[in-house]
Amino acid sequence: MESELVSKETIIAFKNGEQNAFKIIYMAYSKAIYQHLIRLTKNQVMADEMLQETFLLSINKSAFFNLRENPEREFRAWLYRLATNLVIDYFRKEKSKNKYKTDQQFNSINLTETSLEQMLIEDETKNEVILQIRRLPKSQQILISLKIFQGLSNIEISRICGLNINAVKQGLFRARAGLKKRMQLNMEEIR
Amino acid sequence: MTNHPHHLILQSYIEQELNPSQEMLIHDHLGQCDRCSNLALDLAQVDRMILANSISFEIPRRVENDLFTQANLLLAKKAEKKQHIEQLHFLPPARPKIFQLLPLAAGLALFLYFYPFKLHSYNNLQSFDFSPTLIVSENELPTASVMATRDKEFTEIEHFITIEEEEFNEN
């Protein structure tokens, strides 16, 4: 599901603060970024907030985006980086919060997340695959979302995550192998 | 078959991120090696399984509306700021070219003041006759009457001196 790239002229116009350019960019990338955010956060409210924050940040920080070679791809990677950094910050906050949460609060959060999934996930197979992805480490979840769902290249992912390209490849391989193993184990258990 | 490609290369093959020559090599290898072809199939199967079970979410209208309202405000602010900066940039400076022109004018004045003098002295040197000549011109020599009065004064002084010497010797 690779989103269409916007032209260099649109990016320049966006940097100059033109509203039409912002609209074009929003139309091109918002849906893909929203899917990325909702898959990682598993929380629709947070994803809504983060989507807004990503695009507002992009306006505020557009001056910092440099039009180097291949600006179309670089711009898309830059937008994803803004979104992914927000998700990473969210994970960090959640981790520190969870340390001090009472059991009651913890259960209520789990309930809301599960109810959201129940609302969105229709059949058991989908539920199973999504649950297995959720059990992967966060870093691997990000890589899977960017590579398989968003269809980005390894170079773009390395820019977004600030990783070496070999680390991206290795992480993706581990995620795929881990998923395969988990799914096989699950199938054996069912049998 | 002992030379199996690295698992990351196999992964790049299923991701279609290899160049055509590498892709051909791996393709040929997979045709002969069960171990590698199984691994590649497994990796591709995971991708297919994830994609088949993906769910698409629609962005709520309310979120879009909120975002556009905030974004338009931000963009308007940004445009206003940019315009302000441009205006500042094109305003004439407070004391425009006086300070730039002052050193130039001073230099020109000095040049004009000294240039003719230099030229004059140089011309003098060029035309100066270094051969030995009379320092005082003939016109400036004292006249005969002036010389006569001077001689008379000298004789009077000499006479006065001799009288004084005689008186001193007598005493």
# chains A, B, ... in the order shown; residues from 1 in each chain; ligands from 1
>>> residues_around(residues="Ile26 (chain B)", least_positions_apart="6", cutoff="8 Å", atoms="only C-alpha atoms", output="list in words")
Pro5, Leu10 and Tyr13 of chain B
>>> interface_residues(of="chain A", to="chain B", cutoff="9 Å", atoms="only C-alpha atoms", output="number ranges by chain")
A: 16-19, 22-23, 30-31, 34-35, 38, 48-49, 51-53, 55-56, 59-60, 120-121, 125-127, 129-130, 133, 148-149, 153-154, 166, 169-170, 172-173, 176-177, 179-180
>>> atom_distance(atom1="CA of Leu143 (chain A)", atom2="CA of Ala28 (chain A)")
21.2 Å
>>> residues_around(residues="Ile25 (chain A)", least_positions_apart="2", cutoff="12 Å", atoms="only C-alpha atoms", output="compact mmCIF listing (two decimals) with C-alpha atoms, in the first residue's frame")
# COMPACT_ATOMS: atom_id res chain seq x y z
CA SER A 3 1.24 6.14 -0.96
CA GLU A 4 1.73 8.35 -4.02
CA LEU A 5 4.59 10.79 -3.85
CA VAL A 6 3.94 14.53 -4.05
CA SER A 7 5.96 16.67 -6.45
CA LYS A 8 8.93 18.81 -5.51
CA GLU A 9 6.97 21.98 -6.43
CA THR A 10 4.26 21.05 -3.93
CA ILE A 11 6.87 20.51 -1.23
CA ILE A 12 8.41 23.92 -1.97
CA ALA A 13 4.95 25.54 -1.86
CA PHE A 14 4.25 23.77 1.44
CA LYS A 15 7.51 25.09 2.85
CA GLU A 18 0.60 27.60 1.02
CA GLN A 19 -2.67 26.07 2.17
CA ASN A 20 -3.33 24.23 -1.11
CA ALA A 21 0.04 22.49 -0.92
CA PHE A 22 -0.79 21.37 2.61
CA LYS A 23 -4.10 19.95 1.37
CA MET A 27 -4.53 13.90 0.85
CA ALA A 28 -1.46 11.97 -0.31
CA TYR A 29 -0.12 10.77 3.02
CA SER A 30 -2.73 11.10 5.76
CA LYS A 31 -4.41 7.74 5.23
CA ALA A 32 -1.16 5.74 5.15
CA ILE A 33 0.20 7.56 8.19
CA PHE A 55 0.74 17.28 10.35
CA SER A 58 5.21 19.20 9.72
CA ILE A 59 3.97 22.79 9.28
CA GLU A 72 9.81 13.48 -2.96
CA PHE A 75 9.72 14.18 2.29
CA ARG A 76 7.57 11.09 2.70
CA LEU A 79 6.66 12.70 7.56
>>> decode(residues="region 39-89 of chain B", atoms="N, CA and C atoms", output="short mmCIF file (atom, residue, chain, number, x, y, z; two decimals), in the first residue's frame")
data_model
loop_
_atom_site.label_atom_id
_atom_site.label_comp_id
_atom_site.auth_asym_id
_atom_site.auth_seq_id
_atom_site.Cartn_x
_atom_site.Cartn_y
_atom_site.Cartn_z
N LEU B 39 12.95 -21.37 2.53
CA LEU B 39 13.11 -20.17 3.37
C LEU B 39 12.46 -18.97 2.69
N ALA B 40 12.73 -18.81 1.40
CA ALA B 40 12.15 -17.69 0.65
C ALA B 40 10.63 -17.78 0.63
N LEU B 41 10.12 -18.98 0.47
CA LEU B 41 8.66 -19.16 0.47
C LEU B 41 8.05 -18.80 1.82
N ASP B 42 8.76 -19.22 2.89
CA ASP B 42 8.28 -18.91 4.24
C ASP B 42 8.18 -17.40 4.46
N LEU B 43 9.26 -16.72 4.05
CA LEU B 43 9.29 -15.25 4.23
C LEU B 43 8.16 -14.59 3.44
N ALA B 44 7.99 -15.05 2.20
CA ALA B 44 6.95 -14.46 1.35
C ALA B 44 5.56 -14.77 1.92
N GLN B 45 5.43 -15.94 2.51
CA GLN B 45 4.14 -16.36 3.07
C GLN B 45 3.74 -15.47 4.25
N VAL B 46 4.76 -15.13 5.07
CA VAL B 46 4.49 -14.25 6.22
C VAL B 46 3.96 -12.91 5.72
N ASP B 47 4.62 -12.37 4.69
CA ASP B 47 4.18 -11.07 4.13
C ASP B 47 2.75 -11.17 3.61
N ARG B 48 2.48 -12.24 2.88
CA ARG B 48 1.13 -12.41 2.30
C ARG B 48 0.08 -12.53 3.41
N MET B 49 0.46 -13.27 4.45
CA MET B 49 -0.48 -13.49 5.56
C MET B 49 -0.79 -12.16 6.27
N ILE B 50 0.26 -11.36 6.47
CA ILE B 50 0.06 -10.07 7.15
C ILE B 50 -0.83 -9.17 6.29
N LEU B 51 -0.51 -9.13 4.99
CA LEU B 51 -1.28 -8.25 4.10
C LEU B 51 -2.74 -8.70 3.97
N ALA B 52 -2.92 -10.02 3.93
CA ALA B 52 -4.29 -10.54 3.78
C ALA B 52 -5.15 -10.21 5.00
N ASN B 53 -4.50 -10.09 6.14
CA ASN B 53 -5.26 -9.83 7.36
C ASN B 53 -5.21 -8.38 7.82
N SER B 54 -4.77 -7.52 6.93
CA SER B 54 -4.68 -6.11 7.34
C SER B 54 -6.07 -5.47 7.29
N ILE B 55 -6.26 -4.55 8.18
CA ILE B 55 -7.55 -3.85 8.23
C ILE B 55 -7.28 -2.38 7.92
N SER B 56 -8.17 -1.80 7.15
CA SER B 56 -8.00 -0.39 6.82
C SER B 56 -8.91 0.45 7.72
N PHE B 57 -8.36 1.53 8.22
CA PHE B 57 -9.14 2.40 9.10
C PHE B 57 -9.40 3.73 8.40
N GLU B 58 -10.58 4.25 8.57
CA GLU B 58 -10.92 5.55 7.99
C GLU B 58 -10.65 6.65 9.01
N ILE B 59 -10.13 7.76 8.51
CA ILE B 59 -9.88 8.88 9.43
C ILE B 59 -11.23 9.54 9.75
N PRO B 60 -11.55 9.70 11.03
CA PRO B 60 -12.83 10.34 11.36
C PRO B 60 -12.90 11.78 10.82
N ARG B 61 -14.08 12.15 10.36
CA ARG B 61 -14.29 13.47 9.74
C ARG B 61 -13.93 14.59 10.73
N ARG B 62 -14.33 14.35 11.98
CA ARG B 62 -14.10 15.36 13.03
C ARG B 62 -12.59 15.65 13.19
N VAL B 63 -11.79 14.57 13.08
CA VAL B 63 -10.32 14.73 13.22
C VAL B 63 -9.78 15.58 12.07
N GLU B 64 -10.26 15.28 10.87
CA GLU B 64 -9.83 16.03 9.68
C GLU B 64 -10.20 17.50 9.81
N ASN B 65 -11.45 17.75 10.22
CA ASN B 65 -11.92 19.14 10.34
C ASN B 65 -11.09 19.91 11.36
N ASP B 66 -10.86 19.27 12.51
CA ASP B 66 -10.05 19.91 13.56
C ASP B 66 -8.66 20.23 13.04
N LEU B 67 -8.10 19.25 12.35
CA LEU B 67 -6.73 19.41 11.84
C LEU B 67 -6.66 20.57 10.85
N PHE B 68 -7.64 20.62 9.93
CA PHE B 68 -7.61 21.68 8.92
C PHE B 68 -7.80 23.07 9.54
N THR B 69 -8.64 23.14 10.57
CA THR B 69 -8.84 24.45 11.22
C THR B 69 -7.51 24.90 11.85
N GLN B 70 -6.88 23.98 12.58
CA GLN B 70 -5.62 24.33 13.25
C GLN B 70 -4.52 24.62 12.23
N ALA B 71 -4.49 23.80 11.17
CA ALA B 71 -3.43 23.95 10.16
C ALA B 71 -3.58 25.28 9.43
N ASN B 72 -4.84 25.65 9.10
CA ASN B 72 -5.05 26.93 8.40
C ASN B 72 -4.60 28.11 9.25
N LEU B 73 -4.89 28.00 10.56
CA LEU B 73 -4.45 29.07 11.48
C LEU B 73 -2.93 29.18 11.50
N LEU B 74 -2.30 28.01 11.60
CA LEU B 74 -0.83 27.97 11.65
C LEU B 74 -0.21 28.51 10.37
N LEU B 75 -0.80 28.08 9.23
CA LEU B 75 -0.27 28.51 7.92
C LEU B 75 -0.45 30.02 7.73
N ALA B 76 -1.61 30.53 8.20
CA ALA B 76 -1.87 31.97 8.09
C ALA B 76 -0.84 32.75 8.92
N LYS B 77 -0.59 32.23 10.14
CA LYS B 77 0.41 32.86 11.01
C LYS B 77 1.78 32.86 10.36
N LYS B 78 2.09 31.71 9.77
CA LYS B 78 3.40 31.53 9.13
C LYS B 78 3.56 32.49 7.95
N ALA B 79 2.48 32.61 7.15
CA ALA B 79 2.52 33.49 5.98
C ALA B 79 2.69 34.95 6.41
N GLU B 80 1.98 35.30 7.51
CA GLU B 80 2.05 36.67 8.04
C GLU B 80 3.48 36.97 8.51
N LYS B 81 4.05 36.00 9.20
CA LYS B 81 5.41 36.14 9.73
C LYS B 81 6.40 36.31 8.57
N LYS B 82 6.19 35.50 7.54
CA LYS B 82 7.09 35.53 6.39
C LYS B 82 7.03 36.90 5.69
N GLN B 83 5.77 37.39 5.55
CA GLN B 83 5.57 38.69 4.91
C GLN B 83 6.27 39.79 5.71
N HIS B 84 6.12 39.70 7.04
CA HIS B 84 6.73 40.68 7.94
C HIS B 84 8.25 40.68 7.78
N ILE B 85 8.81 39.48 7.71
CA ILE B 85 10.27 39.35 7.57
C ILE B 85 10.72 39.92 6.22
N GLU B 86 9.92 39.65 5.19
CA GLU B 86 10.26 40.18 3.86
C GLU B 86 10.24 41.70 3.85
N GLN B 87 9.22 42.27 4.53
CA GLN B 87 9.12 43.73 4.61
C GLN B 87 10.34 44.31 5.32
N LEU B 88 10.70 43.67 6.41
CA LEU B 88 11.88 44.13 7.17
C LEU B 88 13.12 44.07 6.31
N HIS B 89 13.18 43.03 5.53
CA HIS B 89 14.34 42.81 4.69
C HIS B 89 14.52 43.90 3.63
#
